[in-house]
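See below for the structure under consideration.
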Amino acid sequence: MAPEKFKRKLTAILSADVKGYSRLMGEDEEWTLRTLNAYKEVMRSLVQQHRGRVVSSPGDNVLAEFGSVVDAVQCGVEIQQVLRAKNALLPETRRMEFRIGINLGDVIEEGDSIYGDGVNIAARLESLAQAGGICISGSAYEQIENKLPLRYDYLGEHEVKNIAKPVRVYRAQIEPEAVPSKLVKEKRPVGKRLSKTALAIIAVVVIAGAVILYQFVLRPSASKTEVASKEKMAFPLPDRPSIAVLPFANMSDDPKQEYFSDGMTEEVITALSKVPKLFVIARNSTFTYKGKPVKVNQVAEELGVRYVLEGGVRKAGDKIRITAQLIDALTGHHIWADRYDRNLNDIFTVQDEITKKIITAMQVKLTEGEQVRAAAKGTNNLEAYLKCLQANEHIHRQNIESNTLGKQLAEEAIALDPKYAWAYAVLGRAHMMDVFLRSTKSPKDSIAKAIELVQRALVLDDTLAEAYSLLGFLFSNTRQYDKALAKAEHAVALNPNSAYAHYMLGKILVFDGRWEESIPEYKKAIRLNPMPPNTYLWSLGLSYAWTGQYEEAITWCKKAVLQEPNSLMAHEMMAVVYSLSGREEEARAEVTEILRLNPKFSLEKVAKSCGYKKETDCERLIGALQKAGLK
């Protein structure tokens with residue numbers, strides 16, 4: 001029998017693996033595997049875009065082949081650019097950096113697999129590459145020396161395991177600002193001294209090459225990620241540019257700096273929200289992705305947006321590094337990316353720069369007035385700003401201890417800058433929270449204090465839309481319904497992107513007895529905040545019930561109960577809705593849950609806290625709970 005003949009071919013081979021993979025696995029296996037799979041998916045997509053195929057990807061290795069060395073090197077460069085941008089969002093100890101080796105060689109093809117010295121040399125080159133770098137063989141270099149606008153450093157001849165002859169090795173320089181290290185230089189004939197004209201020509205060529213390099217290799221817009229599908233989106237895309245700002249990663253070694261990265265995220269969201277030509281997802285929804293390895297297309301589909309911004313913040317002493325990249329989820333392109341290394345005092349300037357660059361990248365034109373509003377800042381005192389960030393974070397936690405600390409920090413911020421409007425608004429919200437947390441001896445005094453502080457904030461800065469919303473809510477609590485409605489409507493006009501403003505307008509319309517009108521406001525709030533707080537859900541459910549739309553009412557109140565099974569208010573409104581719709585047995589079950597959560601809850605407590613303008617609305621609420629068995 002004649003010996004079996006294997007098919008041979010000449011092909012370009014790309015081999016990649018992770019530098020320090022064993023260390024990463026030892027520190028956190030689950031996180032490392034999730035990140036590795038996400039990065040491999042990016043690499044697989046880029047290989048396909050450059051007319052290659054992934055042959056195999058065992059463990060942390062990726063082996064791919066291309067019909068052209070040019071395609072292989074271009075793919076390698078783009079892989080490193082995209083992964084570098086993703087790694088910039090992670091702490092240094094968690095970054096997953098690939099080394100890439102590229103060879104042109106003869107291989108044996110068997111089914112979908114390839115073998116032979118051509119593959120082995122690519123693997124050895126990979127081990128010679130730096131983390132995030134590319135090494136290519138002499139055979140590959142000969143094919144691309146004058147075809148790509150890249151610079152190559154010759155590293156000399158290297159003895160390679162199981163390969164008879166030494167292999168010439170070159171390092172592809174993919175960083176335009178990279179400074180060459182001490183390298184072994186190839187011997188080249190020394191030419192005559194160049195004339196000034198020749199030098200000028202060379203300079204033009206170098207500049208042109210740099211432009212080409214940026215446009216076709218380094219430019220962020222060239223990189224792609226998995227695309228989102230309009231058909232899979234949970235909500236239809238808005239009729240204006242839409243964006244979700246993911247929580248900026250805390251890249252500092254100190255977990256206590258988390259408030260700083262969160263504050264940076266909120267500042268960018270707030271600035272973008274002030275632009276009426278944009279549709280901006282609220283903080284509550286984007287922060288549900290905090291600390292999770294999510295894909296951009298997933299975020300876009302779940303929130304119903306086209307653009308996604310992700311970034312990272314490292315704060316060390318008086319220095320900060322901020323990275324950010326804007327991705328068009330429908331095309332997969334990274335349309336803008338940047339890194340800022342600045343002094344901490346420049347934080348406000350950096351925030352403005354990021355906002356303006358996002359708006360420009362999304363091709364939104366602003367009027368002069370809108371530009372001023374988008375860039376508005378409340379203080380130049382860095383310490384006051386940092387204290388206010390911390391205060392805001394503590395008040396968000398909605399417990400007595402954190403609220404007390406938040407109040408103290410806001411007071412300290414005001415002492416540092418008595419003209420800092422946002423600090424007064426934050427302190428006002430803390431006093432209002434005292435009422436809801438029942439940590440005040442006099443709810444009436446706390447509401448009055450909150451009104452005074454928020455009004456002070458608006459005297460200092462009348463662009464704070466959410467402060468107007470909060471003031472409207474406070475006026476409702478003191479039964480000043482006309483003033484409440486005026487403030488809430490002004491907040492929505494000032495910032496139509498504010499989910500909070502729409503939600504508060506809905507609440508105030510309810511207090512005023514205008515239940516039907518509250519429904520579209522709640523729905524707008526939920527569209528801007530697709531993963532809303534529990535209160536948004538049961539509030540909409542109650543308005544549906546009040547207008548006789550019981551099936552819708554039950555649907556939304558059920559969502560509230562499922563989201564927070566221990567929310568007393570969610571169970572209370574579920575009981576009301578079931579009672580009004582004639583489902584008495586289920587209503588009684590909800591009252592049992594209410595009493596489980598608070599055995600002292602009673603009709604008397606409901607009557608005292610009922611803030612509706614119309615007495616008949618209070619009677620209807622109390623009657624529904626009484627029918628459900630509450631005493």
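The chains in the structure tokens are called A, B, ... from first to last as shown; in each chain the residues are counted from 1, and the ligands are counted from 1 in the order shown.
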
Inset, instruction - Identify, on the basis of only C-alpha atoms, every residue whose closest approach to stretch 478-492 of chain A does not exceed 8 Å; exclude the query and any residue fewer than 2 positions from it along the same chain; express the result as a ChimeraX atom specification. - result: /A:464-469,471-476,494-498,501-502,504-505,508-509,511-512,611,613

What does the file look like for those residues with N, CA and C atoms, as a PDB file, in the first residue's frame?
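The file below, selection-v8.pdb, is the result:
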ATOM      1  N   LEU A 464     -30.095  73.261  37.922  1.00  0.00           N
ATOM      2  CA  LEU A 464     -30.151  71.938  38.566  1.00  0.00           C
ATOM      3  C   LEU A 464     -31.565  71.368  38.471  1.00  0.00           C
ATOM      4  N   ALA A 465     -31.835  70.646  37.405  1.00  0.00           N
ATOM      5  CA  ALA A 465     -33.194  70.147  37.148  1.00  0.00           C
ATOM      6  C   ALA A 465     -33.691  69.254  38.287  1.00  0.00           C
ATOM      7  N   GLU A 466     -32.848  68.358  38.758  1.00  0.00           N
ATOM      8  CA  GLU A 466     -33.306  67.417  39.785  1.00  0.00           C
ATOM      9  C   GLU A 466     -33.570  68.113  41.118  1.00  0.00           C
ATOM     10  N   ALA A 467     -32.925  69.252  41.330  1.00  0.00           N
ATOM     11  CA  ALA A 467     -33.226  70.040  42.535  1.00  0.00           C
ATOM     12  C   ALA A 467     -34.638  70.608  42.449  1.00  0.00           C
ATOM     13  N   TYR A 468     -35.046  71.059  41.250  1.00  0.00           N
ATOM     14  CA  TYR A 468     -36.430  71.518  41.066  1.00  0.00           C
ATOM     15  C   TYR A 468     -37.406  70.373  41.332  1.00  0.00           C
ATOM     16  N   SER A 469     -37.069  69.162  40.851  1.00  0.00           N
ATOM     17  CA  SER A 469     -37.938  67.994  41.085  1.00  0.00           C
ATOM     18  C   SER A 469     -38.077  67.710  42.566  1.00  0.00           C
ATOM     19  N   LEU A 471     -37.612  69.779  45.027  1.00  0.00           N
ATOM     20  CA  LEU A 471     -38.371  70.855  45.671  1.00  0.00           C
ATOM     21  C   LEU A 471     -39.869  70.662  45.437  1.00  0.00           C
ATOM     22  N   GLY A 472     -40.226  70.252  44.209  1.00  0.00           N
ATOM     23  CA  GLY A 472     -41.638  69.983  43.928  1.00  0.00           C
ATOM     24  C   GLY A 472     -42.188  68.894  44.825  1.00  0.00           C
ATOM     25  N   PHE A 473     -41.421  67.825  45.013  1.00  0.00           N
ATOM     26  CA  PHE A 473     -41.858  66.726  45.874  1.00  0.00           C
ATOM     27  C   PHE A 473     -42.019  67.204  47.322  1.00  0.00           C
ATOM     28  N   LEU A 474     -41.105  68.022  47.773  1.00  0.00           N
ATOM     29  CA  LEU A 474     -41.180  68.555  49.138  1.00  0.00           C
ATOM     30  C   LEU A 474     -42.413  69.449  49.303  1.00  0.00           C
ATOM     31  N   PHE A 475     -42.722  70.255  48.297  1.00  0.00           N
ATOM     32  CA  PHE A 475     -43.930  71.095  48.361  1.00  0.00           C
ATOM     33  C   PHE A 475     -45.185  70.224  48.421  1.00  0.00           C
ATOM     34  N   SER A 476     -45.182  69.088  47.700  1.00  0.00           N
ATOM     35  CA  SER A 476     -46.332  68.172  47.766  1.00  0.00           C
ATOM     36  C   SER A 476     -46.527  67.651  49.182  1.00  0.00           C
ATOM     37  N   LEU A 494     -36.414  71.734  31.769  1.00  0.00           N
ATOM     38  CA  LEU A 494     -34.986  72.048  31.875  1.00  0.00           C
ATOM     39  C   LEU A 494     -34.130  70.858  31.454  1.00  0.00           C
ATOM     40  N   ASN A 495     -34.544  69.654  31.825  1.00  0.00           N
ATOM     41  CA  ASN A 495     -33.774  68.453  31.487  1.00  0.00           C
ATOM     42  C   ASN A 495     -34.706  67.306  31.117  1.00  0.00           C
ATOM     43  N   PRO A 496     -35.142  67.252  29.859  1.00  0.00           N
ATOM     44  CA  PRO A 496     -36.039  66.171  29.432  1.00  0.00           C
ATOM     45  C   PRO A 496     -35.385  64.800  29.467  1.00  0.00           C
ATOM     46  N   ASN A 497     -34.048  64.742  29.684  1.00  0.00           N
ATOM     47  CA  ASN A 497     -33.333  63.469  29.790  1.00  0.00           C
ATOM     48  C   ASN A 497     -33.352  62.894  31.199  1.00  0.00           C
ATOM     49  N   SER A 498     -33.877  63.634  32.160  1.00  0.00           N
ATOM     50  CA  SER A 498     -33.828  63.183  33.549  1.00  0.00           C
ATOM     51  C   SER A 498     -34.988  62.235  33.876  1.00  0.00           C
ATOM     52  N   ALA A 501     -36.680  63.411  37.003  1.00  0.00           N
ATOM     53  CA  ALA A 501     -37.603  64.540  36.825  1.00  0.00           C
ATOM     54  C   ALA A 501     -38.956  64.063  36.318  1.00  0.00           C
ATOM     55  N   HIS A 502     -38.964  63.135  35.365  1.00  0.00           N
ATOM     56  CA  HIS A 502     -40.234  62.596  34.851  1.00  0.00           C
ATOM     57  C   HIS A 502     -40.965  61.799  35.937  1.00  0.00           C
ATOM     58  N   MET A 504     -40.710  62.171  39.224  1.00  0.00           N
ATOM     59  CA  MET A 504     -41.234  63.094  40.229  1.00  0.00           C
ATOM     60  C   MET A 504     -42.455  63.854  39.713  1.00  0.00           C
ATOM     61  N   LEU A 505     -42.459  64.199  38.432  1.00  0.00           N
ATOM     62  CA  LEU A 505     -43.637  64.858  37.858  1.00  0.00           C
ATOM     63  C   LEU A 505     -44.835  63.916  37.928  1.00  0.00           C
ATOM     64  N   ILE A 508     -46.112  63.845  41.523  1.00  0.00           N
ATOM     65  CA  ILE A 508     -46.796  65.086  41.903  1.00  0.00           C
ATOM     66  C   ILE A 508     -48.152  65.199  41.209  1.00  0.00           C
ATOM     67  N   LEU A 509     -48.252  64.704  39.974  1.00  0.00           N
ATOM     68  CA  LEU A 509     -49.554  64.661  39.292  1.00  0.00           C
ATOM     69  C   LEU A 509     -50.523  63.753  40.047  1.00  0.00           C
ATOM     70  N   PHE A 511     -50.406  63.114  43.360  1.00  0.00           N
ATOM     71  CA  PHE A 511     -50.805  63.831  44.565  1.00  0.00           C
ATOM     72  C   PHE A 511     -51.901  64.855  44.247  1.00  0.00           C
ATOM     73  N   ASP A 512     -51.840  65.399  43.024  1.00  0.00           N
ATOM     74  CA  ASP A 512     -52.805  66.416  42.601  1.00  0.00           C
ATOM     75  C   ASP A 512     -54.102  65.793  42.071  1.00  0.00           C
ATOM     76  N   GLY A 611     -50.820  61.604  51.269  1.00  0.00           N
ATOM     77  CA  GLY A 611     -50.562  62.983  50.851  1.00  0.00           C
ATOM     78  C   GLY A 611     -51.400  63.438  49.674  1.00  0.00           C
ATOM     79  N   LYS A 613     -54.212  65.163  47.420  1.00  0.00           N
ATOM     80  CA  LYS A 613     -54.965  66.405  47.523  1.00  0.00           C
ATOM     81  C   LYS A 613     -56.457  66.125  47.707  1.00  0.00           C
TER      82      LYS A 613
END

Using only C-alpha atoms, determine which residues lie at most 9 Å from A:Ser285, disregarding the query and same-chain residues fewer than 6 positions distant; provide the list as a PDB file with N, CA and C atoms, in the first residue's frame.
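Dumped to out00.pdb:
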ATOM      1  N   ALA A 244     -25.562  55.074  26.666  1.00  0.00           N
ATOM      2  CA  ALA A 244     -25.493  54.569  28.040  1.00  0.00           C
ATOM      3  C   ALA A 244     -24.045  54.707  28.492  1.00  0.00           C
ATOM      4  N   LEU A 303     -30.811  48.089  27.080  1.00  0.00           N
ATOM      5  CA  LEU A 303     -31.197  49.467  27.411  1.00  0.00           C
ATOM      6  C   LEU A 303     -31.795  50.217  26.225  1.00  0.00           C
ATOM      7  N   LEU A 528     -36.093  56.030  30.142  1.00  0.00           N
ATOM      8  CA  LEU A 528     -34.788  56.620  30.401  1.00  0.00           C
ATOM      9  C   LEU A 528     -34.000  55.830  31.445  1.00  0.00           C
ATOM     10  N   ASN A 529     -34.714  55.068  32.244  1.00  0.00           N
ATOM     11  CA  ASN A 529     -34.098  54.264  33.299  1.00  0.00           C
ATOM     12  C   ASN A 529     -34.672  52.846  33.201  1.00  0.00           C
ATOM     13  N   PRO A 530     -34.249  52.067  32.181  1.00  0.00           N
ATOM     14  CA  PRO A 530     -34.890  50.776  31.891  1.00  0.00           C
ATOM     15  C   PRO A 530     -34.756  49.727  32.996  1.00  0.00           C
ATOM     16  N   MET A 531     -33.843  49.949  33.921  1.00  0.00           N
ATOM     17  CA  MET A 531     -33.733  49.074  35.093  1.00  0.00           C
ATOM     18  C   MET A 531     -34.016  49.931  36.315  1.00  0.00           C
ATOM     19  N   PRO A 532     -35.268  50.335  36.469  1.00  0.00           N
ATOM     20  CA  PRO A 532     -35.614  51.411  37.407  1.00  0.00           C
ATOM     21  C   PRO A 532     -35.666  50.958  38.853  1.00  0.00           C
ATOM     22  N   PRO A 533     -35.646  51.932  39.773  1.00  0.00           N
ATOM     23  CA  PRO A 533     -35.884  51.612  41.183  1.00  0.00           C
ATOM     24  C   PRO A 533     -37.282  51.027  41.349  1.00  0.00           C
TER      25      PRO A 533
END

Inset, instruction - Would you list the contacts of A:Lys627 as an NGL selection string, taking every protein, DNA or RNA residue within 10 Å and counting only C-alpha atoms, but skipping same-chain residues closer than 4 positions in sequence? - result: :A and (575-576 or 579-580 or 582 or 584 or 587-588 or 622-623 or 631)

Go ahead and save the residues from that selection, with C-alpha atoms, as a compact mmCIF listing (two decimals), in the first residue's frame.
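Okay, this is what ended up in out.txt:
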# COMPACT_ATOMS: atom_id res chain seq x y z
CA ALA A 575 -52.56 44.61 47.96
CA VAL A 576 -54.36 47.79 46.87
CA SER A 579 -58.30 44.64 46.16
CA LEU A 580 -59.47 47.21 43.59
CA GLY A 582 -61.71 42.20 42.98
CA GLU A 584 -59.58 39.57 47.43
CA ALA A 587 -55.00 40.94 48.30
CA ARG A 588 -55.19 39.27 51.73
CA ILE A 622 -57.64 53.10 52.81
CA GLY A 623 -60.84 51.32 51.73
CA LYS A 631 -56.80 46.88 60.42

Excluding same-chain residues fewer than 5 positions from A:Ala122, what lies within 9 Å of it counting only C-alpha atoms, as a CSV table (one decimal) with C-alpha atoms, in the first residue's frame?
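File produced: around09.csv:
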chain,number,residue,atom,x,y,z
A,13,ILE,CA,0.4,31.7,10.8
A,14,LEU,CA,-0.5,33.8,13.8
A,15,SER,CA,0.0,32.3,17.2
A,16,ALA,CA,-1.0,34.1,20.4
A,100,ILE,CA,1.6,37.4,19.2
A,101,GLY,CA,4.0,35.6,16.8
A,102,ILE,CA,3.6,35.6,13.0
A,103,ASN,CA,5.4,33.4,10.5
A,104,LEU,CA,5.2,32.5,6.8
A,105,GLY,CA,5.9,28.9,6.4
A,117,ASP,CA,7.7,23.7,11.4
A,127,SER,CA,7.2,33.5,23.4
A,135,CYS,CA,7.2,39.4,16.7
A,136,ILE,CA,7.5,38.2,13.1
A,137,SER,CA,9.9,35.9,11.3

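The smallest atom-to-atom distance between A:Asp617 and any of A:Leu595, A:Gly513, A:Asp346, A:Lys600, using only C-alpha atoms, is found for A:Gly513.
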
Counting only C-alpha atoms, what is within 8 Å of A:Arg124, bar same-chain residues fewer than 3 positions away, as a PDB file with N, CA and C atoms, in the first residue's frame?
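selection-v5.pdb written:
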ATOM      1  N   GLY A 101       2.963  35.923  17.757  1.00  0.00           N
ATOM      2  CA  GLY A 101       4.038  35.570  16.840  1.00  0.00           C
ATOM      3  C   GLY A 101       3.454  35.291  15.460  1.00  0.00           C
ATOM      4  N   ASN A 120       5.295  25.699  14.438  1.00  0.00           N
ATOM      5  CA  ASN A 120       6.201  25.723  15.592  1.00  0.00           C
ATOM      6  C   ASN A 120       6.971  27.024  15.683  1.00  0.00           C
ATOM      7  N   ILE A 121       7.417  27.550  14.536  1.00  0.00           N
ATOM      8  CA  ILE A 121       8.169  28.815  14.556  1.00  0.00           C
ATOM      9  C   ILE A 121       7.280  29.960  15.034  1.00  0.00           C
ATOM     10  N   SER A 127       6.566  33.490  22.048  1.00  0.00           N
ATOM     11  CA  SER A 127       7.213  33.506  23.365  1.00  0.00           C
ATOM     12  C   SER A 127       8.298  34.572  23.464  1.00  0.00           C
ATOM     13  N   LEU A 128       8.804  35.054  22.298  1.00  0.00           N
ATOM     14  CA  LEU A 128       9.804  36.122  22.291  1.00  0.00           C
ATOM     15  C   LEU A 128       9.170  37.509  22.341  1.00  0.00           C
ATOM     16  N   VAL A 160      15.901  28.442  17.872  1.00  0.00           N
ATOM     17  CA  VAL A 160      14.538  28.094  18.239  1.00  0.00           C
ATOM     18  C   VAL A 160      14.443  26.590  18.443  1.00  0.00           C
ATOM     19  N   LYS A 161      13.828  26.210  19.544  1.00  0.00           N
ATOM     20  CA  LYS A 161      13.716  24.796  19.907  1.00  0.00           C
ATOM     21  C   LYS A 161      13.105  23.964  18.774  1.00  0.00           C
TER      22      LYS A 161
END
